[in-house]
Amino acid sequence: MFSNYVEGLSPYKNKGEVGMVENFDTPDELNEKISLLADWIKTSKHTVFHTGAGISTSAGIPDFRGPKGVWTLEKQGKKPEINLDFNDAMPTLTHMAIKSLIKKGYVKYVVSQNIDGLHLKSGLLREHISEVHGNMFTMKCNKCNRSFTSQTAVNTVGQQSLNIRCLRRTKKGNLCRGILHDTILDWKHKLPSNELQMAELHSINADLCVCLGTSLQIQPINLVPFKAKKNKGKVVICNLQRTMGDRKADLVIHTYVDDMMKSLMGILGVEIENYNEQLDPTKMANLTDWTIYKIDLLNMQDMKKYATKSKKRKFQDQIF
Ligand SMILES: NC(=O)c1ccc[n+]([C@@H]2O[C@H](COP(=O)([O-])OP(=O)(O)OC[C@H]3O[C@@H](n4cnc5c(N)ncnc54)[C@H](O)[C@@H]3O)[C@@H](O)[C@H]2O)c1
Ligand SMILES: [Zn+2]
């Protein structure tokens with residue numbers, strides 16, 4: 001349940017600005033801005049999408065700082081009326097549009113702060129996403145560091161034991177002795193280094209980073225899209241409230257992310273795929289390996305040098 005997630009986290013003081021007014025561009029402004037974004041995407045070699053809680057509000061999952069966000073209501077002495085079970089939440093138009101853009105090669109990578117597992121359910125492959133704050137539908141072994149998808153949302157937060165034995169078999173055929181833990185970060189936790197490194201490598205290499213539905217107030221992930229600026233890459237933000245990144249961005253679009261993505265997909269001529277249960281790891285009989293391997297990072301650090309098959313075989317068992 002969403003409330004278990006929020007209440008399971010330890011108290012947090014640095015909530016920043018909450019409940020800011022929402023801004024809406026006029027239809028003419030939107031046409032102009034979304035056409036420009038479509039042009040940039042068409043000519044970009046490496047586009048990375050950065051997503052936050054705002055892309056899941058239309059799935060019924062509250063954000064933290066929007067007008068009906070958990071922290072905004074908390075300041076008014078209220079609680080969100082909705083308390084969705086993460087198992088019942090479905091990918092939104094935006095999640096499915098991102099999945100479709102990846103398939104067409106327009107988007108190379110997704111960096112998500114979200115823990116709701118909706119990118120996973122949309123059918124994004126592991127090689128296309130970093131989940132820097134964890135995921136309710138993944139579990140990680142405390143011994144071999146391997147990650148696996150889960151068929152149901154985990155019932156703990158803060159990287160606690162799930163009392164489930166790791167599924168990995170060693171080369172000798174023995175089961176790993178580790179225990180699976182949830183992957184949800186509490187405030188005191190460092191970001192998982194493999195997820196963060198991958199997010200940074202893709203963003204440094206990006207000539208376009210597009211931030212959707214995030215107030216860009218949570219550090220250090222709010223700085224990552226702007227790594228693209230080092231190589232003269234552009235940053236675009238689509239969010240209803242103003243964000244911490246607006247002044248540094250090349251383009252800021254104020255509208256609902258689902259509306260923006262629908263228009264964008266129309267201009268790009270890319271059909272939005274429907275949700276497909278067969279591509280959703282949470283519906284699969286066997287758990288999916290959800291590990292980022294050392295070889296994946298090496299390939300990203302120096303594709304030409306390390307992307308050979310022999311290196312791949314050599315490193316495929318090493319994990320960060
Ligand atoms: N769905 C989730 O997984 C979830 C939900 C709440 C919080 N969180 C966690 O808390 C942190 C909160 O930071 P954050 O920046 O993601 O959230 P945030 O609440 O700080 O900001 C969300 C932003 O999205 C905007 N927004 C909401 N709905 C929108 C829509 N339909 N279209 C356009 N904009 C919309 C709001 O104006 C708001 O500024 C995250 O890092 C995440 O780890 C996750
Ligand atoms: Zn293990």
# chains A, B, ... in the order shown; residues from 1 in each chain; ligands from 1
>>> residues_near_ligand(ligand="ligand 2", cutoff="10 Å", atoms="only C-alpha atoms and all ligand atoms", output="list in words")
Lys140, Cys141, Asn142, Lys143, Cys144, Asn145, Arg146, Ser147, Phe148, Arg165, Cys166, Leu167, Arg168, Arg169, Thr170, Leu175, Cys176, Arg177, Gly178, Ile179 and Leu180 of chain A
>>> write_last_selection(atoms="C-alpha atoms", output="short mmCIF file (atom, residue, chain, number, x, y, z; two decimals), in the first residue's frame")
data_model
loop_
_atom_site.label_atom_id
_atom_site.label_comp_id
_atom_site.auth_asym_id
_atom_site.auth_seq_id
_atom_site.Cartn_x
_atom_site.Cartn_y
_atom_site.Cartn_z
CA LYS A 140 18.38 -7.70 -3.76
CA CYS A 141 20.62 -10.36 -2.18
CA ASN A 142 22.78 -9.20 0.74
CA LYS A 143 25.53 -11.67 -0.20
CA CYS A 144 25.92 -11.85 -3.98
CA ASN A 145 24.24 -8.45 -4.71
CA ARG A 146 22.13 -9.98 -7.45
CA SER A 147 18.69 -8.41 -7.93
CA PHE A 148 15.46 -10.12 -8.94
CA ARG A 165 16.56 -17.11 0.34
CA CYS A 166 18.49 -15.87 -2.71
CA LEU A 167 17.67 -17.82 -5.87
CA ARG A 168 21.12 -17.73 -7.38
CA ARG A 169 23.05 -20.98 -7.77
CA THR A 170 26.82 -20.94 -7.57
CA LEU A 175 22.17 -22.09 -3.60
CA CYS A 176 23.62 -18.70 -2.56
CA ARG A 177 23.44 -18.31 1.21
CA GLY A 178 22.26 -14.72 1.00
CA ILE A 179 18.85 -13.33 1.95
CA LEU A 180 16.80 -11.09 -0.32
#
>>> residues_near_ligand(ligand="ligand 1", cutoff="7 Å", atoms="only C-alpha atoms and all ligand atoms", output="NGL selection string")
:A and (22 or 52-58 or 61-66 or 69 or 113-116 or 133 or 212-218 or 238-243 or 255-258)
>>> write_last_selection(atoms="C-alpha atoms", output="compact mmCIF listing (two decimals), in the first residue's frame")
# COMPACT_ATOMS: atom_id res chain seq x y z
CA GLU A 22 0.54 24.81 -10.87
CA GLY A 52 9.59 11.48 -11.00
CA ALA A 53 6.40 10.98 -9.00
CA GLY A 54 4.42 13.28 -11.36
CA ILE A 55 4.32 10.66 -14.11
CA SER A 56 2.42 8.29 -11.80
CA THR A 57 -0.22 10.66 -10.38
CA SER A 58 -2.57 9.72 -13.24
CA ILE A 61 -0.29 7.33 -6.84
CA PRO A 62 0.13 10.68 -5.05
CA ASP A 63 3.33 12.70 -5.40
CA PHE A 64 4.99 14.45 -2.42
CA ARG A 65 4.92 18.18 -3.27
CA GLY A 66 2.03 18.71 -5.71
CA GLY A 69 0.96 15.59 -2.50
CA GLN A 113 13.24 8.26 -8.95
CA ASN A 114 9.99 6.31 -8.73
CA ILE A 115 9.63 3.25 -6.57
CA ASP A 116 6.19 2.21 -7.88
CA HIS A 133 15.58 5.13 -5.17
CA LEU A 212 9.09 14.58 -16.50
CA GLY A 213 7.00 15.07 -13.35
CA THR A 214 9.69 15.88 -10.82
CA SER A 215 10.20 18.99 -8.70
CA LEU A 216 13.95 18.26 -8.91
CA GLN A 217 14.39 18.89 -5.19
CA ILE A 218 15.75 15.51 -4.09
CA CYS A 238 7.79 19.12 -18.27
CA ASN A 239 6.17 19.74 -14.89
CA LEU A 240 3.11 21.54 -13.52
CA GLN A 241 4.88 23.32 -10.67
CA ARG A 242 8.06 25.28 -11.09
CA THR A 243 11.16 23.21 -10.37
CA THR A 255 1.15 20.86 -18.71
CA TYR A 256 0.07 17.35 -17.71
CA VAL A 257 2.79 14.88 -18.73
CA ASP A 258 0.25 12.51 -20.33
>>> closest_residue(among="A:Met139, A:Leu73, A:Met96, A:Asn31", to="Asp289 in chain A", atoms="only C-alpha atoms")
A:Met139
>>> atom_distance(atom1="CA of Phe24 in chain A", atom2="CA of Thr51 in chain A")
19.4 Å
>>> residues_around(residues="Leu191 in chain A", least_positions_apart="5", cutoff="8 Å", atoms="only C-alpha atoms", output="short mmCIF file (atom, residue, chain, number, x, y, z; two decimals) with C-alpha atoms, in the first residue's frame")
data_model
loop_
_atom_site.label_atom_id
_atom_site.label_comp_id
_atom_site.auth_asym_id
_atom_site.auth_seq_id
_atom_site.Cartn_x
_atom_site.Cartn_y
_atom_site.Cartn_z
CA VAL A 132 17.92 5.20 -8.19
CA HIS A 133 15.58 5.13 -5.17
CA LEU A 185 15.95 3.62 -0.02
CA LEU A 196 23.65 5.91 -10.03
#
>>> atom_distance(atom1="CA of Ala89 in chain A", atom2="CA of Ile267 in chain A")
28.4 Å
>>> closest_residue(among="A:Met260, A:Val270, A:Leu162, A:Met1", to="Lys103 in chain A", atoms="only C-alpha atoms")
A:Val270
>>> closest_residue(among="A:Val107, A:Met265, A:Ile164, A:Leu118", to="Gly60 in chain A", atoms="only C-alpha atoms")
A:Leu118
>>> residues_around(residues="Glu127 in chain A", least_positions_apart="3", cutoff="12 Å", atoms="only C-alpha atoms", output="count of residues only")
24
>>> atom_distance(atom1="CA of Asn23 in chain A", atom2="CA of Pro67 in chain A")
11.8 Å
>>> residues_around(residues="Thr138 in chain A", least_positions_apart="4", cutoff="9 Å", atoms="only C-alpha atoms", output="PyMOL selection string")
chain A and resi 117+134+147-151+153-154+181-184+290
>>> write_last_selection(atoms="C-alpha atoms", output="mmCIF file, in the first residue's frame")
data_model
loop_
_atom_site.group_PDB
_atom_site.id
_atom_site.type_symbol
_atom_site.label_atom_id
_atom_site.label_comp_id
_atom_site.auth_asym_id
_atom_site.auth_seq_id
_atom_site.Cartn_x
_atom_site.Cartn_y
_atom_site.Cartn_z
ATOM 1 C CA GLY A 117 7.497 -0.314 -10.432
ATOM 2 C CA GLY A 134 14.607 1.444 -5.449
ATOM 3 C CA SER A 147 18.686 -8.406 -7.930
ATOM 4 C CA PHE A 148 15.465 -10.119 -8.944
ATOM 5 C CA THR A 149 11.998 -8.935 -9.851
ATOM 6 C CA SER A 150 9.130 -9.797 -7.522
ATOM 7 C CA GLN A 151 5.604 -10.865 -8.540
ATOM 8 C CA ALA A 153 5.031 -5.519 -4.090
ATOM 9 C CA VAL A 154 7.457 -6.135 -1.233
ATOM 10 C CA HIS A 181 16.116 -7.545 0.893
ATOM 11 C CA ASP A 182 13.798 -4.829 -0.386
ATOM 12 C CA THR A 183 15.490 -2.145 -2.512
ATOM 13 C CA ILE A 184 13.591 0.919 -1.224
ATOM 14 C CA TRP A 290 17.316 -7.429 -12.448
#
>>> closest_residue(among="A:Gln278, A:Gly19, A:Asp25, A:Tyr5", to="His254 in chain A", atoms="only C-alpha atoms")
A:Asp25
>>> closest_residue(among="A:Ile82, A:Ile237, A:Ile41, A:Gly245", to="Leu223 in chain A", atoms="only C-alpha atoms")
A:Gly245
>>> select_by_dssp(residues="range 41-288 of chain A", states="strand (DSSP E or B)", output="ChimeraX atom specification")
/A:47-51,109-112,129-131,138-141,147-149,161-165,169,175,179-182,208-212,234-238,241,251-253
>>> write_last_selection(atoms="N, CA and C atoms", output="short mmCIF file (atom, residue, chain, number, x, y, z; two decimals), in the first residue's frame")
data_model
loop_
_atom_site.label_atom_id
_atom_site.label_comp_id
_atom_site.auth_asym_id
_atom_site.auth_seq_id
_atom_site.Cartn_x
_atom_site.Cartn_y
_atom_site.Cartn_z
N THR A 47 19.16 10.45 -26.22
CA THR A 47 18.18 11.11 -25.35
C THR A 47 17.93 10.25 -24.12
N VAL A 48 17.94 10.90 -22.95
CA VAL A 48 17.66 10.21 -21.69
C VAL A 48 16.45 10.87 -21.05
N PHE A 49 15.48 10.07 -20.60
CA PHE A 49 14.33 10.59 -19.87
C PHE A 49 14.56 10.39 -18.37
N HIS A 50 14.25 11.43 -17.59
CA HIS A 50 14.37 11.38 -16.13
C HIS A 50 12.96 11.54 -15.56
N THR A 51 12.50 10.55 -14.81
CA THR A 51 11.10 10.61 -14.39
C THR A 51 10.96 10.67 -12.86
N TYR A 109 17.67 5.78 -22.74
CA TYR A 109 17.75 5.36 -21.34
C TYR A 109 16.75 6.14 -20.49
N VAL A 110 16.34 5.51 -19.38
CA VAL A 110 15.42 6.15 -18.43
C VAL A 110 16.06 6.12 -17.05
N VAL A 111 16.03 7.26 -16.38
CA VAL A 111 16.50 7.34 -14.99
C VAL A 111 15.26 7.69 -14.17
N SER A 112 14.85 6.80 -13.28
CA SER A 112 13.62 7.09 -12.53
C SER A 112 13.87 7.15 -11.04
N ILE A 129 17.05 1.05 -17.97
CA ILE A 129 16.57 1.85 -16.83
C ILE A 129 17.46 1.75 -15.59
N SER A 130 17.62 2.90 -14.92
CA SER A 130 18.19 2.96 -13.57
C SER A 130 17.09 3.39 -12.62
N GLU A 131 16.93 2.65 -11.52
CA GLU A 131 15.92 3.02 -10.51
C GLU A 131 16.68 3.44 -9.26
N THR A 138 11.27 -5.15 -6.81
CA THR A 138 12.57 -5.82 -6.95
C THR A 138 13.13 -6.16 -5.57
N MET A 139 14.03 -7.16 -5.55
CA MET A 139 14.62 -7.64 -4.29
C MET A 139 16.12 -7.84 -4.56
N LYS A 140 16.94 -7.61 -3.55
CA LYS A 140 18.38 -7.70 -3.76
C LYS A 140 19.03 -8.59 -2.69
N CYS A 141 19.96 -9.44 -3.11
CA CYS A 141 20.62 -10.36 -2.18
C CYS A 141 21.71 -9.62 -1.40
N SER A 147 20.06 -8.89 -8.12
CA SER A 147 18.69 -8.41 -7.93
C SER A 147 17.72 -9.25 -8.76
N PHE A 148 16.51 -9.37 -8.25
CA PHE A 148 15.46 -10.12 -8.94
C PHE A 148 14.16 -9.32 -8.89
N THR A 149 13.33 -9.54 -9.91
CA THR A 149 12.00 -8.93 -9.85
C THR A 149 11.14 -9.76 -8.88
N SER A 161 15.31 -7.13 5.49
CA SER A 161 15.23 -8.53 5.06
C SER A 161 13.79 -8.90 4.73
N LEU A 162 13.65 -9.65 3.62
CA LEU A 162 12.32 -10.16 3.25
C LEU A 162 12.18 -11.62 3.69
N ASN A 163 13.22 -12.12 4.34
CA ASN A 163 13.24 -13.52 4.78
C ASN A 163 13.03 -14.49 3.63
N ILE A 164 13.60 -14.16 2.48
CA ILE A 164 13.51 -15.06 1.32
C ILE A 164 14.95 -15.41 0.93
N ARG A 165 15.21 -16.69 0.75
CA ARG A 165 16.56 -17.11 0.34
C ARG A 165 16.84 -16.66 -1.09
N ARG A 169 22.24 -19.78 -8.02
CA ARG A 169 23.05 -20.98 -7.77
C ARG A 169 24.50 -20.66 -8.11
N LEU A 175 22.92 -23.34 -3.72
CA LEU A 175 22.17 -22.09 -3.60
C LEU A 175 23.00 -21.06 -2.84
N ILE A 179 20.28 -13.57 1.73
CA ILE A 179 18.85 -13.33 1.95
C ILE A 179 18.43 -12.12 1.12
N LEU A 180 17.27 -12.20 0.49
CA LEU A 180 16.80 -11.09 -0.32
C LEU A 180 16.24 -9.97 0.58
N HIS A 181 16.56 -8.74 0.17
CA HIS A 181 16.12 -7.54 0.89
C HIS A 181 15.32 -6.65 -0.06
N ASP A 182 14.46 -5.80 0.50
CA ASP A 182 13.80 -4.83 -0.39
C ASP A 182 14.83 -3.80 -0.85
N LEU A 208 20.52 15.21 -25.00
CA LEU A 208 19.20 15.70 -24.60
C LEU A 208 18.71 14.92 -23.38
N CYS A 209 18.41 15.65 -22.30
CA CYS A 209 17.79 15.02 -21.13
C CYS A 209 16.41 15.64 -20.94
N VAL A 210 15.40 14.80 -20.79
CA VAL A 210 14.02 15.28 -20.65
C VAL A 210 13.51 14.85 -19.27
N CYS A 211 13.19 15.85 -18.42
CA CYS A 211 12.72 15.54 -17.06
C CYS A 211 11.20 15.65 -17.03
N LEU A 212 10.56 14.61 -16.53
CA LEU A 212 9.09 14.58 -16.50
C LEU A 212 8.58 14.38 -15.08
N LYS A 234 21.17 19.46 -24.18
CA LYS A 234 20.03 20.29 -23.75
C LYS A 234 19.25 19.59 -22.64
N VAL A 235 18.58 20.41 -21.81
CA VAL A 235 17.72 19.86 -20.77
C VAL A 235 16.32 20.45 -20.95
N VAL A 236 15.33 19.55 -20.97
CA VAL A 236 13.92 19.96 -21.10
C VAL A 236 13.18 19.47 -19.85
N ILE A 237 12.29 20.31 -19.35
CA ILE A 237 11.50 19.93 -18.17
C ILE A 237 10.03 20.04 -18.50
N CYS A 238 9.25 19.02 -18.19
CA CYS A 238 7.79 19.12 -18.27
C CYS A 238 7.25 18.84 -16.88
N GLN A 241 4.31 22.29 -11.55
CA GLN A 241 4.88 23.32 -10.67
C GLN A 241 6.24 23.75 -11.19
N LEU A 251 14.31 24.40 -22.08
CA LEU A 251 12.88 24.48 -22.41
C LEU A 251 12.10 23.96 -21.21
N VAL A 252 11.06 24.72 -20.80
CA VAL A 252 10.20 24.26 -19.69
C VAL A 252 8.76 24.24 -20.19
N ILE A 253 8.14 23.09 -20.07
CA ILE A 253 6.77 22.90 -20.56
C ILE A 253 5.86 22.70 -19.35
#
>>> closest_residue(among="A:Lys230, A:Asp28, A:Ser122, A:Gln219", to="Leu279 in chain A", atoms="only C-alpha atoms")
A:Ser122
>>> decode(residues="range 219-254 of chain A", atoms="N, CA and C atoms", output="compact mmCIF listing (two decimals), in the first residue's frame")
# COMPACT_ATOMS: atom_id res chain seq x y z
N GLN A 219 18.12 15.56 -3.70
CA GLN A 219 19.54 15.44 -4.07
C GLN A 219 20.02 14.01 -3.82
N PRO A 220 21.00 13.49 -4.53
CA PRO A 220 21.76 14.16 -5.59
C PRO A 220 21.18 13.95 -6.98
N ILE A 221 20.05 13.26 -7.07
CA ILE A 221 19.58 12.83 -8.40
C ILE A 221 19.09 14.02 -9.23
N ASN A 222 18.70 15.10 -8.54
CA ASN A 222 18.21 16.29 -9.27
C ASN A 222 19.31 16.95 -10.12
N LEU A 223 20.57 16.65 -9.80
CA LEU A 223 21.68 17.25 -10.55
C LEU A 223 22.04 16.45 -11.80
N VAL A 224 21.63 15.17 -11.82
CA VAL A 224 22.10 14.26 -12.87
C VAL A 224 21.68 14.68 -14.29
N PRO A 225 20.43 15.12 -14.52
CA PRO A 225 20.08 15.52 -15.90
C PRO A 225 21.00 16.62 -16.44
N PHE A 226 21.49 17.48 -15.54
CA PHE A 226 22.29 18.63 -15.97
C PHE A 226 23.73 18.25 -16.31
N LYS A 227 24.09 16.97 -16.08
CA LYS A 227 25.41 16.49 -16.52
C LYS A 227 25.51 16.59 -18.04
N ALA A 228 24.37 16.53 -18.73
CA ALA A 228 24.36 16.64 -20.19
C ALA A 228 24.93 17.99 -20.64
N LYS A 229 24.83 18.99 -19.78
CA LYS A 229 25.30 20.34 -20.13
C LYS A 229 26.81 20.40 -20.36
N LYS A 230 27.53 19.45 -19.70
CA LYS A 230 29.00 19.45 -19.84
C LYS A 230 29.40 19.27 -21.30
N ASN A 231 28.59 18.52 -22.05
CA ASN A 231 28.88 18.31 -23.47
C ASN A 231 27.90 19.08 -24.35
N LYS A 232 27.45 20.21 -23.85
CA LYS A 232 26.53 21.09 -24.58
C LYS A 232 25.19 20.42 -24.90
N GLY A 233 24.82 19.44 -24.09
CA GLY A 233 23.51 18.82 -24.26
C GLY A 233 22.40 19.74 -23.74
N LYS A 234 21.17 19.46 -24.18
CA LYS A 234 20.03 20.29 -23.75
C LYS A 234 19.25 19.59 -22.64
N VAL A 235 18.58 20.41 -21.81
CA VAL A 235 17.72 19.86 -20.77
C VAL A 235 16.32 20.45 -20.95
N VAL A 236 15.33 19.55 -20.97
CA VAL A 236 13.92 19.96 -21.10
C VAL A 236 13.18 19.47 -19.85
N ILE A 237 12.29 20.31 -19.35
CA ILE A 237 11.50 19.93 -18.17
C ILE A 237 10.03 20.04 -18.50
N CYS A 238 9.25 19.02 -18.19
CA CYS A 238 7.79 19.12 -18.27
C CYS A 238 7.25 18.84 -16.88
N ASN A 239 6.67 19.86 -16.27
CA ASN A 239 6.17 19.74 -14.89
C ASN A 239 5.12 20.82 -14.65
N LEU A 240 4.15 20.53 -13.78
CA LEU A 240 3.11 21.54 -13.52
C LEU A 240 3.63 22.66 -12.62
N GLN A 241 4.31 22.29 -11.55
CA GLN A 241 4.88 23.32 -10.67
C GLN A 241 6.24 23.75 -11.19
N ARG A 242 6.69 24.92 -10.73
CA ARG A 242 8.06 25.28 -11.09
C ARG A 242 9.00 24.30 -10.40
N THR A 243 10.21 24.18 -10.95
CA THR A 243 11.16 23.21 -10.37
C THR A 243 12.49 23.91 -10.07
N MET A 244 13.34 23.19 -9.34
CA MET A 244 14.67 23.71 -9.01
C MET A 244 15.55 23.83 -10.25
N GLY A 245 15.14 23.17 -11.36
CA GLY A 245 15.99 23.17 -12.55
C GLY A 245 15.55 24.15 -13.63
N ASP A 246 14.43 24.85 -13.42
CA ASP A 246 13.86 25.66 -14.51
C ASP A 246 14.84 26.67 -15.10
N ARG A 247 15.59 27.32 -14.21
CA ARG A 247 16.46 28.40 -14.70
C ARG A 247 17.60 27.89 -15.58
N LYS A 248 18.01 26.63 -15.33
CA LYS A 248 19.12 26.07 -16.10
C LYS A 248 18.64 25.31 -17.34
N ALA A 249 17.31 25.13 -17.46
CA ALA A 249 16.78 24.30 -18.54
C ALA A 249 16.70 25.09 -19.85
N ASP A 250 16.75 24.37 -20.97
CA ASP A 250 16.64 25.00 -22.29
C ASP A 250 15.18 25.19 -22.69
N LEU A 251 14.31 24.40 -22.08
CA LEU A 251 12.88 24.48 -22.41
C LEU A 251 12.10 23.96 -21.21
N VAL A 252 11.06 24.72 -20.80
CA VAL A 252 10.20 24.26 -19.69
C VAL A 252 8.76 24.24 -20.19
N ILE A 253 8.14 23.09 -20.07
CA ILE A 253 6.77 22.90 -20.56
C ILE A 253 5.86 22.70 -19.35
N HIS A 254 4.79 23.53 -19.28
CA HIS A 254 3.86 23.42 -18.15
C HIS A 254 2.55 22.81 -18.62
